[in-house]
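Student: Contents of target_2.pdb (PDB, C-alpha atoms) are below:
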```pdb
ATOM      1  CA  VAL K1251     104.492 106.189  87.842
ATOM      2  CA  SER K1252     100.846 105.253  88.283
ATOM      3  CA  LYS K1253      98.407 108.005  89.269
ATOM      4  CA  CYS K1254      94.859 107.544  90.503
ATOM      5  CA  SER K1255      92.228 109.483  92.398
ATOM      6  CA  SER K1256      92.702 109.572  96.157
ATOM      7  CA  SER K1257      89.076 108.454  96.521
ATOM      8  CA  MET K1258      90.064 105.038  95.142
ATOM      9  CA  THR K1259      91.106 102.191  97.404
ATOM     10  CA  VAL K1260      94.629 100.974  96.740
ATOM     11  CA  LEU K1261      95.547  97.584  98.125
ATOM     12  CA  TYR K1262      99.195  96.665  98.440
ATOM     13  CA  ASP K1263     100.523  93.569 100.194
ATOM     14  CA  THR K1264     103.296  94.539 102.620
ATOM     15  CA  GLU K1265     103.117  91.460 104.831
ATOM     16  CA  ASN K1266     105.771  89.534 102.929
ATOM     17  CA  PHE K1267     108.108  92.458 102.306
ATOM     18  CA  VAL K1268     110.017  94.975 104.403
ATOM     19  CA  SER K1269     108.101  98.245 104.387
ATOM     20  CA  SER K1270     108.430 101.637 106.036
ATOM     21  CA  GLU K1271     106.585 104.932 106.180
ATOM     22  CA  PHE K1272     108.052 108.402 106.514
ATOM     23  CA  ILE K1273     106.992 112.036 106.081
ATOM     24  CA  ILE K1274     108.972 114.636 104.133
ATOM     25  CA  ASP K1275     107.690 118.191 103.607
ATOM     26  CA  GLY K1276     104.259 117.134 104.874
ATOM     27  CA  ILE K1277     103.902 114.250 102.394
ATOM     28  CA  LYS K1278     103.584 110.722 103.764
ATOM     29  CA  TYR K1279     105.484 108.124 101.743
ATOM     30  CA  SER K1280     105.208 104.354 102.007
ATOM     31  CA  TYR K1281     108.186 102.355 100.778
ATOM     32  CA  CYS K1282     108.388  98.614 100.193
ATOM     33  CA  ASP K1283     111.450  96.489  99.379
ATOM     34  CA  GLY K1284     110.136  94.382  96.572
ATOM     35  CA  ASN K1285     110.549  91.017  95.029
ATOM     36  CA  LEU K1286     113.430  90.445  92.606
ATOM     37  CA  GLY K1287     114.726  93.994  93.100
ATOM     38  CA  VAL K1288     111.553  95.853  92.087
ATOM     39  CA  ASN K1289     110.922  98.350  94.880
ATOM     40  CA  THR K1290     107.841 100.522  95.406
ATOM     41  CA  ILE K1291     107.151 103.958  96.811
ATOM     42  CA  MET K1292     103.605 105.325  97.237
ATOM     43  CA  TRP K1293     102.370 108.738  98.306
ATOM     44  CA  THR K1294      99.321 111.015  98.179
ATOM     45  CA  LYS K1295      99.584 114.544  96.842
ATOM     46  CA  ASN K1296      96.977 117.014  95.526
ATOM     47  CA  ASP K1297      94.120 114.492  95.803
ATOM     48  CA  TYR K1298      95.986 111.789  93.870
ATOM     49  CA  ILE K1299      97.699 108.572  94.894
ATOM     50  CA  TYR K1300     101.004 107.919  93.148
ATOM     51  CA  ILE K1301     102.732 104.550  92.910
ATOM     52  CA  LEU K1302     106.240 104.194  91.538
ATOM     53  CA  GLU K1303     107.745 100.735  91.020
ATOM     54  CA  ALA K1304     111.247 100.267  89.641
ATOM     55  CA  PHE K1305     114.638  98.603  89.966
ATOM     56  CA  PHE K1306     115.893 101.570  92.005
ATOM     57  CA  THR K1307     116.944 102.071  95.601
ATOM     58  CA  LYS K1308     114.738 103.797  98.166
ATOM     59  CA  ASP K1309     116.733 107.024  97.818
ATOM     60  CA  GLU K1310     116.500 106.957  94.020
ATOM     61  CA  LEU K1311     112.748 106.333  94.106
ATOM     62  CA  LEU K1312     112.284 109.160  96.608
ATOM     63  CA  LYS K1313     114.213 111.599  94.409
ATOM     64  CA  ILE K1314     111.979 110.711  91.465
ATOM     65  CA  ALA K1315     108.811 110.904  93.594
ATOM     66  CA  GLN K1316     109.701 114.383  94.786
ATOM     67  CA  THR K1317     109.784 115.635  91.172
ATOM     68  CA  VAL K1318     106.290 114.378  90.264
ATOM     69  CA  GLU K1319     103.638 117.075  90.051
TER      70      GLU K1319
END
```
Represent the structure of the file as structure tokens.

Tutor:
Amino acid sequence: VSKCSSSMTVLYDTENFVSSEFIIDGIKYSYCDGNLGVNTIMWTKNDYIYILEAFFTKDELLKIAQTVE
């Protein structure tokens, strides 16, 4: 999990990949099916931007993301 200040600009190319956005418990998540099985989920919480990239499914990444404080 990468964590950076929400005042930073995070650029992520979603043009060549299938991506979706959804809101759970007031938190907006962005998910991207990645290259070679590495998928990404990003969200903002408590003035930080979190990025999680792994060889996990969307549901698995979301479960992990929801445990990050």

Student: Could you list the residues chosen by the PyMOL selection byres ((chain K and resi 1301) around 10) in this structure as a ChimeraX atom specification?

Tutor: /K:1251-1254,1260,1279-1281,1290-1294,1298-1300,1302-1303,1315

Student: Would you write out those residues with C-alpha atoms, as a PDB file, keeping the file's coordinate frame?

Tutor:
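part_27.pdb, written as the output of this step:
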```
ATOM      1  CA  VAL K1251     104.492 106.189  87.842  1.00  0.00           C
ATOM      2  CA  SER K1252     100.846 105.253  88.283  1.00  0.00           C
ATOM      3  CA  LYS K1253      98.407 108.005  89.269  1.00  0.00           C
ATOM      4  CA  CYS K1254      94.859 107.544  90.503  1.00  0.00           C
ATOM      5  CA  VAL K1260      94.629 100.974  96.740  1.00  0.00           C
ATOM      6  CA  TYR K1279     105.484 108.124 101.743  1.00  0.00           C
ATOM      7  CA  SER K1280     105.208 104.354 102.007  1.00  0.00           C
ATOM      8  CA  TYR K1281     108.186 102.355 100.778  1.00  0.00           C
ATOM      9  CA  THR K1290     107.841 100.522  95.406  1.00  0.00           C
ATOM     10  CA  ILE K1291     107.151 103.958  96.811  1.00  0.00           C
ATOM     11  CA  MET K1292     103.605 105.325  97.237  1.00  0.00           C
ATOM     12  CA  TRP K1293     102.370 108.738  98.306  1.00  0.00           C
ATOM     13  CA  THR K1294      99.321 111.015  98.179  1.00  0.00           C
ATOM     14  CA  TYR K1298      95.986 111.789  93.870  1.00  0.00           C
ATOM     15  CA  ILE K1299      97.699 108.572  94.894  1.00  0.00           C
ATOM     16  CA  TYR K1300     101.004 107.919  93.148  1.00  0.00           C
ATOM     17  CA  LEU K1302     106.240 104.194  91.538  1.00  0.00           C
ATOM     18  CA  GLU K1303     107.745 100.735  91.020  1.00  0.00           C
ATOM     19  CA  ALA K1315     108.811 110.904  93.594  1.00  0.00           C
TER      20      ALA K1315
END
```

Student: List as a PyMOL selection string: which residues have an atom within 9 Å of (112.6, 96.3, 106.0), counting all atoms listed in the file?

Tutor: chain K and resi 1267-1270+1282-1283

Student: Applied to this file, what does the PyMOL selection byres ((chain K and resi 1304) around 9) return in terms of residues, put as a ChimeraX atom specification?

Tutor: /K:1287-1290,1302-1303,1305-1307,1311

Student: If you measure from CA of Asp1309 in chain K to CA of Ile1273 in chain K, what distance in Å do you get, rounded to one decimal?

Tutor: 13.7 Å

Student: May I ask for the distance between CA of Gly1284 in chain K and CA of Glu1271 in chain K, given in Å to one decimal place?

Tutor: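 Atom-to-atom, CA of Gly1284 in chain K and CA of Glu1271 in chain K are spaced 14.7 Å apart.
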
Student: Using only C-alpha atoms, collect all residues at a distance of at most 7 Å from (93.7, 115.7, 95.1) as written in the file, then present them as a ChimeraX atom specification.

Tutor: /K:1255-1256,1295-1298

Student: For range 1266-1281 of chain K, what centre and edge lengths in Å (one decimal) does the axis-aligned box get once 5 Å is added on each side of all its listed atoms, as AutoDock Vina command-line options?

Tutor:
```
--center_x 106.8 --center_y 103.9 --center_z 103.6 --size_x 16.4 --size_y 38.7 --size_z 15.7
```

Student: In Å, how far is it from CA of Gln1316 in chain K to CA of Asn1266 in chain K?

Tutor: 26.4 Å
